[in-house]
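Report on one structure; see the data block that follows.
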Amino acid sequence: MQLLREYKKITVPIFILIIICIYLVVYKSTYLKEDQDSLITTEDLIDPEVMNESIPDTEIVMEEIYVDVKGAVVKEGVYVMAQGLRVKDVIDRAGGFLATADSNKVNLAARLMDEMVIYIPEVGEEGIDMTDSINNKNTEGKININTASLEELQSLTGVGPSKAEGIISYREENGPFQKPEDLLNVSGIGNKTLDKFIEQVVVH
């Protein structure tokens with residue numbers, strides 16, 4: 001009897017310990033499975049059909065302009081150019097200057113505009129305007145806001161250095177002005193300011 005009592009004292013705690021271990025193993029296995037089932041992967045969030053769709057290419061359409069090149073160039077003529085290019089680009093298309101050309105009288109950095117006429121004078125040639133559009137003033141003495149220099153823009157009523165720089169920056173970033181009222185898009189120029197000099201400017 002004494003031996004049986006000692007046996008029970010040993011086996012009961014061992015049996016309880018086994019039961020506890022079995023419970024922990026079963027509980028942990030069940031808990032981990034539920035936890036994994038609740039996880040959301042990146043693939044679950046993305047529709048496979050959307051992933052397989054290709055992004056359509058954006059077609060960039062460059063606006064074409066026509067520029068008439070005359071004078072001391074290799075090949076005179078009307079050239080179709082992309083808007084935003086410079087006078088230098090169309091001169092290159094025309095084969096470059098002739099040996100007799102007075103290139104110092106041409107602003108090669110000026111932006112091209114539709115219907116622009118660029119005349120390249122020869123050395124010593126006088127009395128002829130270089131171009132109808134590169135020239136910053138028309139026959140009425142108005143300033144062409146698409147080609148005027150910083151100093152010329154500052155000669156306008158109510159336009160100081162900052163506004164003049166704003167006009168130049170805007171046309172370089174957005175292309176030529178289509179009408180004087182487009183100056184309202186320039187930072188710092190409002191209706192009151194524009195009214196002061198709108199009669200002094202021209203767009204061509």
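As shown in the structure tokens, the chain order sets the letters A, B, ...; within each chain, residues go from 1, and ligands are also counted from 1 in the order they appear.
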**OP:** Quick one: everything within 10 Å of stretch 143-159 of chain A, counting only C-alpha atoms, minus sequence neighbours fewer than 2 positions away in the same chain. Send it as a ChimeraX atom specification.
**Re:** /A:107,109-113,133-138,140-141,161-168,171-172,175-180,183,188-189,192-204
Just to be explicit: take each residue in the selection above, keep N, CA and C atoms, and write the result as a tab-separated table (two decimals), in the first residue's frame.
chain	number	residue	atom	x	y	z
A	107	ASN	N	19.38	87.70	-83.63
A	107	ASN	CA	19.25	87.12	-82.29
A	107	ASN	C	18.95	85.63	-82.42
A	109	ALA	N	18.96	83.36	-80.29
A	109	ALA	CA	18.30	82.75	-79.13
A	109	ALA	C	16.81	83.04	-79.08
A	110	ALA	N	16.30	83.88	-79.99
A	110	ALA	CA	14.88	84.22	-79.97
A	110	ALA	C	14.04	82.99	-80.30
A	111	ARG	N	12.88	82.88	-79.67
A	111	ARG	CA	11.98	81.76	-79.92
A	111	ARG	C	11.24	81.97	-81.24
A	112	LEU	N	11.02	80.87	-81.94
A	112	LEU	CA	10.29	80.93	-83.20
A	112	LEU	C	8.80	81.09	-82.94
A	113	MET	N	8.11	81.79	-83.85
A	113	MET	CA	6.67	81.96	-83.77
A	113	MET	C	6.06	81.72	-85.13
A	133	SER	N	9.39	89.74	-87.24
A	133	SER	CA	8.95	89.23	-85.94
A	133	SER	C	10.02	89.26	-84.87
A	134	ILE	N	11.29	89.15	-85.27
A	134	ILE	CA	12.34	89.22	-84.26
A	134	ILE	C	12.49	90.64	-83.77
A	135	ASN	N	12.29	91.60	-84.67
A	135	ASN	CA	12.37	92.99	-84.28
A	135	ASN	C	11.35	93.26	-83.18
A	136	ASN	N	11.73	93.89	-82.10
A	136	ASN	CA	10.87	94.01	-80.93
A	136	ASN	C	9.82	95.10	-81.04
A	137	LYS	N	9.93	95.98	-82.07
A	137	LYS	CA	8.96	97.05	-82.20
A	137	LYS	C	8.35	97.02	-83.59
A	138	ASN	N	7.06	97.30	-83.69
A	138	ASN	CA	6.44	97.37	-84.99
A	138	ASN	C	6.47	98.81	-85.49
A	140	GLU	N	4.40	101.08	-85.35
A	140	GLU	CA	3.76	102.04	-84.45
A	140	GLU	C	4.59	102.28	-83.20
A	141	GLY	N	5.73	101.63	-83.09
A	141	GLY	CA	6.59	101.82	-81.93
A	141	GLY	C	6.19	100.99	-80.73
A	161	PRO	N	11.77	95.65	-62.81
A	161	PRO	CA	12.63	94.49	-63.08
A	161	PRO	C	11.97	93.15	-62.79
A	162	SER	N	11.25	93.05	-61.66
A	162	SER	CA	10.66	91.76	-61.29
A	162	SER	C	9.55	91.35	-62.25
A	163	LYS	N	8.70	92.30	-62.65
A	163	LYS	CA	7.63	91.99	-63.60
A	163	LYS	C	8.21	91.66	-64.97
A	164	ALA	N	9.25	92.37	-65.37
A	164	ALA	CA	9.88	92.11	-66.67
A	164	ALA	C	10.49	90.71	-66.68
A	165	GLU	N	11.14	90.32	-65.60
A	165	GLU	CA	11.71	88.97	-65.50
A	165	GLU	C	10.61	87.92	-65.51
A	166	GLY	N	9.47	88.25	-64.87
A	166	GLY	CA	8.35	87.32	-64.85
A	166	GLY	C	7.78	87.09	-66.25
A	167	ILE	N	7.72	88.14	-67.06
A	167	ILE	CA	7.21	88.02	-68.43
A	167	ILE	C	8.13	87.12	-69.25
A	168	ILE	N	9.43	87.35	-69.12
A	168	ILE	CA	10.39	86.55	-69.88
A	168	ILE	C	10.36	85.09	-69.44
A	171	ARG	N	7.14	83.31	-70.83
A	171	ARG	CA	7.14	82.95	-72.26
A	171	ARG	C	8.16	81.87	-72.57
A	172	GLU	N	9.24	81.79	-71.78
A	172	GLU	CA	10.22	80.72	-71.98
A	172	GLU	C	9.66	79.37	-71.56
A	175	GLY	N	5.83	79.27	-73.88
A	175	GLY	CA	5.75	79.63	-75.29
A	175	GLY	C	5.25	81.06	-75.48
A	176	PRO	N	5.14	81.51	-76.72
A	176	PRO	CA	4.76	82.89	-77.00
A	176	PRO	C	3.37	83.24	-76.49
A	177	PHE	N	3.19	84.50	-76.14
A	177	PHE	CA	1.86	85.01	-75.78
A	177	PHE	C	1.01	85.06	-77.04
A	178	GLN	N	-0.24	84.70	-76.93
A	178	GLN	CA	-1.15	84.74	-78.06
A	178	GLN	C	-1.87	86.08	-78.17
A	179	LYS	N	-2.02	86.75	-77.04
A	179	LYS	CA	-2.65	88.07	-76.99
A	179	LYS	C	-2.15	88.80	-75.75
A	180	PRO	N	-2.21	90.15	-75.76
A	180	PRO	CA	-1.72	90.90	-74.60
A	180	PRO	C	-2.37	90.50	-73.29
A	183	LEU	N	-0.90	88.24	-70.50
A	183	LEU	CA	0.04	88.73	-69.48
A	183	LEU	C	-0.56	88.62	-68.08
A	188	GLY	N	2.19	88.75	-60.56
A	188	GLY	CA	2.46	90.16	-60.27
A	188	GLY	C	1.78	91.12	-61.23
A	189	ILE	N	1.17	90.59	-62.30
A	189	ILE	CA	0.49	91.47	-63.26
A	189	ILE	C	-1.01	91.22	-63.17
A	192	LYS	N	-5.19	96.06	-63.32
A	192	LYS	CA	-4.80	97.47	-63.19
A	192	LYS	C	-3.44	97.72	-63.82
A	193	THR	N	-2.49	96.80	-63.58
A	193	THR	CA	-1.16	96.96	-64.15
A	193	THR	C	-1.21	96.84	-65.67
A	194	LEU	N	-1.95	95.86	-66.16
A	194	LEU	CA	-2.04	95.64	-67.61
A	194	LEU	C	-2.67	96.85	-68.30
A	195	ASP	N	-3.68	97.46	-67.68
A	195	ASP	CA	-4.34	98.61	-68.28
A	195	ASP	C	-3.39	99.78	-68.49
A	196	LYS	N	-2.32	99.82	-67.67
A	196	LYS	CA	-1.38	100.93	-67.78
A	196	LYS	C	-0.54	100.87	-69.05
A	197	PHE	N	-0.27	99.64	-69.55
A	197	PHE	CA	0.64	99.55	-70.69
A	197	PHE	C	0.11	98.72	-71.86
A	198	ILE	N	-1.14	98.27	-71.79
A	198	ILE	CA	-1.64	97.39	-72.84
A	198	ILE	C	-1.61	98.06	-74.22
A	199	GLU	N	-1.73	99.38	-74.26
A	199	GLU	CA	-1.68	100.09	-75.53
A	199	GLU	C	-0.25	100.24	-76.04
A	200	GLN	N	0.73	99.88	-75.21
A	200	GLN	CA	2.14	100.03	-75.59
A	200	GLN	C	2.73	98.74	-76.13
A	201	VAL	N	1.94	97.65	-76.09
A	201	VAL	CA	2.50	96.36	-76.48
A	201	VAL	C	1.75	95.76	-77.66
A	202	VAL	N	2.40	94.80	-78.31
A	202	VAL	CA	1.81	94.09	-79.42
A	202	VAL	C	2.29	92.65	-79.36
A	203	VAL	N	1.50	91.74	-79.93
A	203	VAL	CA	1.87	90.33	-79.99
A	203	VAL	C	1.89	89.91	-81.45
A	204	HIS	N	3.04	89.42	-81.92
A	204	HIS	CA	3.13	88.87	-83.29
A	204	HIS	C	4.33	87.95	-83.38
**OP:** Give me the residues within 6 Å of A:Val74 as a list in words, counting only C-alpha atoms and dropping any in the same chain fewer than 5 places off.
**Re:** Gly95, Gly96 and Leu98 of chain A
Restricting it to C-alpha atoms, dump the selection as a compact mmCIF listing (two decimals), in the first residue's frame.
# COMPACT_ATOMS: atom_id res chain seq x y z
CA GLY A 95 21.85 75.22 -94.29
CA GLY A 96 23.44 77.93 -92.14
CA LEU A 98 26.40 82.37 -96.22
Subject >> DSSP-assigned alpha helix (DSSP H) members of stretch 79-196 of chain A, reported as number ranges by chain >> reply: A: 87-93, 150-154, 161-174, 191-196
Original post:
Hey, can you check how far atom CA of A:Asp114 sits from atom CA of A:Asn185?
Top reply: 21.1 Å
Original post:
Do you have the atom CA of A:Ala101-atom CA of A:Lys75 distance handy?
Top reply: 12.8 Å
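Coordinates place atom CA of A:Val69 at a distance of 6.1 Å from atom CA of A:Tyr119.
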Subject >> strand (DSSP E) call set, DSSP backbone run, stretch 62-171 of chain A, as JSON, numbers by chain >> reply: {"A": [64, 65, 66, 67, 68, 69, 70, 71, 77, 78, 79, 80, 81, 82, 116, 117, 118, 119, 120, 143, 144]}
